[in-house]
Amino acid sequence: MSHTHARPPRPVASERTTLKARKVSFSWEDTPLHWVPGDPFATHTINVLHLLLPAGERWFVHVYRQVLPHIRDERLREDVIGFIGQEAMHSQAHDEVLPHLRELGLDPTPYTAQVDWLFEKLLGDRTLPPGRARSWWLMERVAIIAAIEHYTAFLGDWVLNAEELDRRGADPPMLDLLRWHGAEEVEHRSVAFDLFMHVDGGYRRRARTCATAFTALVFLWQRGARFFMENDPTLTAARASFKGFYLSGQQGVLPSTGDMLKSIPRYLSHSYHPSQEGSTAQAVAYLATSPAARAAATAEERA
């Protein structure tokens, strides 16, 4: 295992917090198909999260359970265990949206089957002999998760501050799901990177998997948005395009293309640490007021 990098990253100590999985309770019966009113493209582009995240975050949990024996720092081990709990809850929450989409006439099964194949087969466990080959594949996946978590933290920070969605009258439960999830992504944004640096830290692997993760996410996202737009029973001749994504980013209903691209060289900087980006205080403040988290807490108190 390599631990070579130009200089140690500089974590912001005040941004660390103890991680815990939070139960949530959402109700989808009143959520419309186009939950960003009058904007099916923005709706469906964000809806891709419901297709990618359940399988992706189950894969995160699976890989991290394998890497736990390699962790020699007790504090990091606690962070990873907290991360596993949060990711498992995220997967479940997004999975529960899919039956509602089917009820509205949009069956995501053909696309989710492809996503399941990607994470379970292409990125899944391989029959490798013990030793270097098996260790290489585990470290490669740990590095890919660190890169993906950079982008999910970026998206989490974006949705916490996406005031245009409020101005457009986005469906409150859906917006709460996205912000609850986004807040926890910001809260645990350092864990995947810290784990990678602890068990490997090789800069070439970090750069290579950053490119791999970004390319894969762009590919999967555009395929997912196109799938939703083409199969939406209320639309005719609708299509998803990079131009549409760029324009929606300019309007504030989707992340800015420029901001997303600028996030890549930050991740590749030798002095980068995720704690330097986003605000744990903002994330924790939202989690304390999330309607779904409060509803689940109230239900537990009554039980």
# chains A, B, ... in the order shown; residues from 1 in each chain; ligands from 1
$ select_by_dssp --residues "range 167-280 of chain A" --states "helix (DSSP H, G or I)" --output "number ranges by chain"
A: 167, 172-187, 191-199, 203-231, 242-251, 257-268, 274-276, 280
$ closest_atom_pairs --of "range 39-102 of chain A" --to "range 242-257 of chain A" --cutoff "12 Å" --atoms "only C-alpha atoms" --output "CSV"
residue,atom,partner,partner_atom,distance
A:Asp39,CA,A:Val253,CA,9.3
A:Pro40,CA,A:Gly244,CA,11.2
A:Phe41,CA,A:Gly244,CA,7.8
A:Ala42,CA,A:Val253,CA,6.6
A:Thr43,CA,A:Val253,CA,9.1
A:His44,CA,A:Leu254,CA,10.8
A:Thr45,CA,A:Leu254,CA,8.2
A:Ile46,CA,A:Leu254,CA,7.9
A:Asn47,CA,A:Leu254,CA,11.6
$ write_last_selection --atoms "C-alpha atoms" --output "short mmCIF file (atom, residue, chain, number, x, y, z; two decimals), in the first residue's frame"
data_model
loop_
_atom_site.label_atom_id
_atom_site.label_comp_id
_atom_site.auth_asym_id
_atom_site.auth_seq_id
_atom_site.Cartn_x
_atom_site.Cartn_y
_atom_site.Cartn_z
CA ASP A 39 -39.81 22.08 -15.18
CA PRO A 40 -39.75 18.37 -16.05
CA PHE A 41 -36.09 18.54 -17.13
CA ALA A 42 -34.83 19.83 -13.76
CA THR A 43 -37.15 17.40 -11.99
CA HIS A 44 -35.90 14.37 -13.89
CA THR A 45 -32.25 15.39 -13.81
CA ILE A 46 -32.40 15.44 -10.02
CA ASN A 47 -34.57 12.30 -10.01
#
$ atom_distance --atom1 "CA of Asp200 in chain A" --atom2 "CA of Leu49 in chain A"
29.0 Å
$ closest_atom_pairs --of "range 93-131 of chain A" --to "range 137-153 of chain A" --cutoff "12 Å" --atoms "only C-alpha atoms" --output "JSON lines"
{"residue": "A:Phe119", "atom": "CA", "partner": "A:Arg141", "partner_atom": "CA", "distance": 10.6}
{"residue": "A:Leu122", "atom": "CA", "partner": "A:Arg141", "partner_atom": "CA", "distance": 11.1}
{"residue": "A:Leu123", "atom": "CA", "partner": "A:Arg141", "partner_atom": "CA", "distance": 7.5}
{"residue": "A:Gly124", "atom": "CA", "partner": "A:Arg141", "partner_atom": "CA", "distance": 9.1}
{"residue": "A:Asp125", "atom": "CA", "partner": "A:Trp137", "partner_atom": "CA", "distance": 8.4}
{"residue": "A:Arg126", "atom": "CA", "partner": "A:Trp137", "partner_atom": "CA", "distance": 8.2}
{"residue": "A:Thr127", "atom": "CA", "partner": "A:Trp137", "partner_atom": "CA", "distance": 10.5}
{"residue": "A:Leu128", "atom": "CA", "partner": "A:Trp137", "partner_atom": "CA", "distance": 8.9}
{"residue": "A:Pro129", "atom": "CA", "partner": "A:Trp137", "partner_atom": "CA", "distance": 11.1}
{"residue": "A:Pro130", "atom": "CA", "partner": "A:Trp137", "partner_atom": "CA", "distance": 11.0}
{"residue": "A:Gly131", "atom": "CA", "partner": "A:Trp137", "partner_atom": "CA", "distance": 10.4}
$ atom_distance --atom1 "CA of His90 in chain A" --atom2 "CA of Glu57 in chain A"
7.4 Å
$ atom_distance --atom1 "CA of Ala21 in chain A" --atom2 "CA of Gly82 in chain A"
6.7 Å
$ residues_around --residues "Ala225 in chain A" --least-positions-apart "2" --cutoff "9 Å" --atoms "only C-alpha atoms" --output "NGL selection string"
:A and (41 or 44-48 or 220-223 or 227-230 or 239-241)
$ write_last_selection --atoms "all heavy atoms" --output "compact mmCIF listing (two decimals), in the first residue's frame"
# COMPACT_ATOMS: atom_id res chain seq x y z
N PHE A 41 -37.51 18.86 -16.93
CA PHE A 41 -36.09 18.54 -17.13
C PHE A 41 -35.32 18.64 -15.81
O PHE A 41 -34.57 17.73 -15.46
CB PHE A 41 -35.46 19.47 -18.16
CG PHE A 41 -33.98 19.23 -18.34
CD1 PHE A 41 -33.53 18.07 -18.94
CD2 PHE A 41 -33.05 20.15 -17.89
CE1 PHE A 41 -32.16 17.83 -19.09
CE2 PHE A 41 -31.69 19.92 -18.04
CZ PHE A 41 -31.24 18.76 -18.64
N HIS A 44 -36.43 15.69 -13.54
CA HIS A 44 -35.90 14.37 -13.89
C HIS A 44 -34.39 14.30 -13.78
O HIS A 44 -33.83 13.23 -13.49
CB HIS A 44 -36.37 13.99 -15.28
CG HIS A 44 -37.83 13.68 -15.37
ND1 HIS A 44 -38.50 13.05 -14.34
CD2 HIS A 44 -38.75 13.92 -16.34
CE1 HIS A 44 -39.78 12.90 -14.68
NE2 HIS A 44 -39.95 13.42 -15.88
N THR A 45 -33.70 15.40 -13.99
CA THR A 45 -32.25 15.39 -13.81
C THR A 45 -31.90 15.11 -12.36
O THR A 45 -30.99 14.32 -12.07
CB THR A 45 -31.65 16.73 -14.27
OG1 THR A 45 -31.94 16.94 -15.65
CG2 THR A 45 -30.14 16.73 -14.08
N ILE A 46 -32.64 15.72 -11.44
CA ILE A 46 -32.40 15.44 -10.02
C ILE A 46 -32.92 14.06 -9.64
O ILE A 46 -32.33 13.36 -8.81
CB ILE A 46 -33.04 16.54 -9.14
CG1 ILE A 46 -32.41 17.91 -9.47
CG2 ILE A 46 -32.85 16.22 -7.66
CD1 ILE A 46 -33.05 19.08 -8.76
N ASN A 47 -34.01 13.62 -10.30
CA ASN A 47 -34.57 12.30 -10.01
C ASN A 47 -33.58 11.17 -10.28
O ASN A 47 -33.74 10.06 -9.75
CB ASN A 47 -35.82 12.05 -10.86
CG ASN A 47 -37.08 12.61 -10.22
OD1 ASN A 47 -37.09 12.94 -9.04
ND2 ASN A 47 -38.13 12.72 -11.01
N VAL A 48 -32.57 11.42 -11.11
CA VAL A 48 -31.57 10.39 -11.39
C VAL A 48 -30.93 9.91 -10.09
O VAL A 48 -30.50 8.76 -9.98
CB VAL A 48 -30.51 10.91 -12.38
CG1 VAL A 48 -29.41 9.88 -12.60
CG2 VAL A 48 -31.16 11.25 -13.72
N LEU A 220 -23.59 8.26 -16.58
CA LEU A 220 -24.78 7.69 -15.97
C LEU A 220 -25.88 8.72 -15.78
O LEU A 220 -27.07 8.43 -15.96
CB LEU A 220 -24.41 7.07 -14.62
CG LEU A 220 -23.56 5.80 -14.67
CD1 LEU A 220 -23.06 5.44 -13.28
CD2 LEU A 220 -24.35 4.64 -15.25
N TRP A 221 -25.47 9.95 -15.44
CA TRP A 221 -26.47 10.98 -15.20
C TRP A 221 -27.20 11.36 -16.49
O TRP A 221 -28.42 11.49 -16.50
CB TRP A 221 -25.82 12.23 -14.58
CG TRP A 221 -26.68 12.83 -13.52
CD1 TRP A 221 -27.91 13.40 -13.69
CD2 TRP A 221 -26.42 12.88 -12.12
NE1 TRP A 221 -28.43 13.81 -12.48
CE2 TRP A 221 -27.54 13.51 -11.50
CE3 TRP A 221 -25.35 12.47 -11.33
CZ2 TRP A 221 -27.60 13.75 -10.13
CZ3 TRP A 221 -25.42 12.70 -9.96
CH2 TRP A 221 -26.53 13.33 -9.39
N GLN A 222 -26.44 11.52 -17.59
CA GLN A 222 -27.11 11.90 -18.84
C GLN A 222 -28.00 10.75 -19.34
O GLN A 222 -29.08 10.99 -19.87
CB GLN A 222 -26.10 12.34 -19.89
CG GLN A 222 -25.10 11.33 -20.38
CD GLN A 222 -25.59 10.48 -21.54
OE1 GLN A 222 -26.51 10.88 -22.24
NE2 GLN A 222 -24.98 9.32 -21.73
N ARG A 223 -27.58 9.50 -19.14
CA ARG A 223 -28.42 8.37 -19.53
C ARG A 223 -29.69 8.33 -18.67
O ARG A 223 -30.78 8.05 -19.18
CB ARG A 223 -27.65 7.06 -19.38
CG ARG A 223 -26.72 6.76 -20.54
CD ARG A 223 -26.00 5.43 -20.32
NE ARG A 223 -26.93 4.31 -20.29
CZ ARG A 223 -27.37 3.66 -21.36
NH1 ARG A 223 -26.97 4.04 -22.57
NH2 ARG A 223 -28.20 2.64 -21.24
N PHE A 227 -33.41 8.81 -19.99
CA PHE A 227 -34.39 7.75 -19.76
C PHE A 227 -35.69 8.33 -19.19
O PHE A 227 -36.79 8.00 -19.65
CB PHE A 227 -33.82 6.72 -18.78
CG PHE A 227 -34.81 5.67 -18.34
CD1 PHE A 227 -35.05 4.56 -19.11
CD2 PHE A 227 -35.52 5.83 -17.15
CE1 PHE A 227 -35.98 3.60 -18.71
CE2 PHE A 227 -36.45 4.88 -16.74
CZ PHE A 227 -36.68 3.76 -17.52
N PHE A 228 -35.58 9.19 -18.18
CA PHE A 228 -36.77 9.77 -17.57
C PHE A 228 -37.54 10.63 -18.56
O PHE A 228 -38.77 10.55 -18.65
CB PHE A 228 -36.37 10.63 -16.37
CG PHE A 228 -36.32 9.88 -15.07
CD1 PHE A 228 -35.26 10.03 -14.20
CD2 PHE A 228 -37.36 9.04 -14.68
CE1 PHE A 228 -35.21 9.36 -12.98
CE2 PHE A 228 -37.32 8.36 -13.47
CZ PHE A 228 -36.25 8.52 -12.63
N MET A 229 -36.84 11.47 -19.30
CA MET A 229 -37.51 12.36 -20.24
C MET A 229 -38.22 11.57 -21.34
O MET A 229 -39.34 11.91 -21.75
CB MET A 229 -36.51 13.34 -20.84
CG MET A 229 -35.93 14.33 -19.85
SD MET A 229 -37.14 15.52 -19.20
CE MET A 229 -37.31 16.63 -20.62
N GLU A 230 -37.59 10.51 -21.82
CA GLU A 230 -38.18 9.73 -22.91
C GLU A 230 -39.33 8.85 -22.45
O GLU A 230 -40.20 8.49 -23.25
CB GLU A 230 -37.10 8.86 -23.57
CG GLU A 230 -36.06 9.67 -24.34
CD GLU A 230 -34.95 8.80 -24.91
OE1 GLU A 230 -34.90 7.60 -24.55
OE2 GLU A 230 -34.13 9.34 -25.68
N ARG A 239 -36.45 15.65 -24.64
CA ARG A 239 -35.11 15.10 -24.60
C ARG A 239 -34.27 15.84 -23.56
O ARG A 239 -34.55 16.99 -23.23
CB ARG A 239 -34.43 15.19 -25.97
CG ARG A 239 -34.33 16.60 -26.51
CD ARG A 239 -33.85 16.58 -27.97
NE ARG A 239 -32.50 16.04 -28.09
CZ ARG A 239 -31.40 16.79 -28.03
NH1 ARG A 239 -31.50 18.09 -27.85
NH2 ARG A 239 -30.22 16.23 -28.17
N ALA A 240 -33.26 15.14 -23.07
CA ALA A 240 -32.31 15.74 -22.15
C ALA A 240 -31.06 16.12 -22.92
O ALA A 240 -30.64 15.39 -23.82
CB ALA A 240 -31.96 14.74 -21.04
N SER A 241 -30.45 17.24 -22.56
CA SER A 241 -29.26 17.70 -23.28
C SER A 241 -28.31 18.40 -22.33
O SER A 241 -28.72 18.91 -21.28
CB SER A 241 -29.65 18.66 -24.41
OG SER A 241 -30.15 19.87 -23.88
$ residues_around --residues "Pro108 in chain A" --least-positions-apart "6" --cutoff "8 Å" --atoms "only C-alpha atoms" --output "list of chain:residue names"
A:Leu51, A:Leu98, A:Leu101, A:Arg102, A:Phe228
$ closest_residue --among "A:Ala133, A:Ala55, A:Ile81, A:Leu175" --to "Lys121 in chain A" --atoms "only C-alpha atoms"
A:Ala55
$ residues_around --residues "Thr234 in chain A" --least-positions-apart "3" --cutoff "10 Å" --atoms "only C-alpha atoms" --output "ChimeraX atom specification"
/A:33-34,40,104-106,229-231,238
$ closest_residue --among "A:Gly201, A:Arg206, A:Gly258, A:His188" --to "Glu15 in chain A" --atoms "only C-alpha atoms"
A:His188
$ closest_residue --among "A:Val186, A:Tyr267, A:Asp107, A:Asp79" --to "Cys210 in chain A" --atoms "only C-alpha atoms"
A:Tyr267
$ closest_residue --among "A:Ala281, A:Val24, A:Val199, A:Ala211" --to "Ala299 in chain A" --atoms "only C-alpha atoms"
A:Val24
$ residues_around --residues "His273 in chain A" --least-positions-apart "4" --cutoff "9 Å" --atoms "only C-alpha atoms" --output "number ranges by chain"
A: 9-12, 190, 193-194, 266-267, 269, 277
$ write_last_selection --atoms "N, CA and C atoms" --output "compact mmCIF listing (two decimals), in the first residue's frame"
# COMPACT_ATOMS: atom_id res chain seq x y z
N PRO A 9 -2.49 16.72 3.57
CA PRO A 9 -3.63 17.63 3.46
C PRO A 9 -3.87 18.32 4.80
N ARG A 10 -4.57 19.43 4.75
CA ARG A 10 -4.78 20.22 5.96
C ARG A 10 -6.24 20.20 6.37
N PRO A 11 -6.62 19.26 7.22
CA PRO A 11 -8.02 19.22 7.66
C PRO A 11 -8.34 20.38 8.59
N VAL A 12 -9.60 20.80 8.55
CA VAL A 12 -10.07 21.85 9.45
C VAL A 12 -10.71 21.15 10.65
N SER A 190 -15.51 14.29 4.79
CA SER A 190 -14.09 14.00 4.92
C SER A 190 -13.78 12.52 5.10
N PHE A 193 -12.27 10.43 1.99
CA PHE A 193 -10.93 10.90 1.65
C PHE A 193 -9.93 10.51 2.74
N ASP A 194 -10.31 10.69 4.00
CA ASP A 194 -9.42 10.32 5.10
C ASP A 194 -9.11 8.82 5.07
N ARG A 266 -9.64 21.32 -7.53
CA ARG A 266 -9.53 21.42 -6.08
C ARG A 266 -9.26 20.04 -5.49
N TYR A 267 -9.97 19.03 -5.97
CA TYR A 267 -9.76 17.67 -5.47
C TYR A 267 -8.35 17.16 -5.79
N SER A 269 -5.67 19.00 -6.00
CA SER A 269 -4.61 19.75 -5.34
C SER A 269 -3.96 18.91 -4.24
N GLU A 277 -14.09 22.61 2.47
CA GLU A 277 -15.23 23.00 1.64
C GLU A 277 -16.53 22.72 2.38
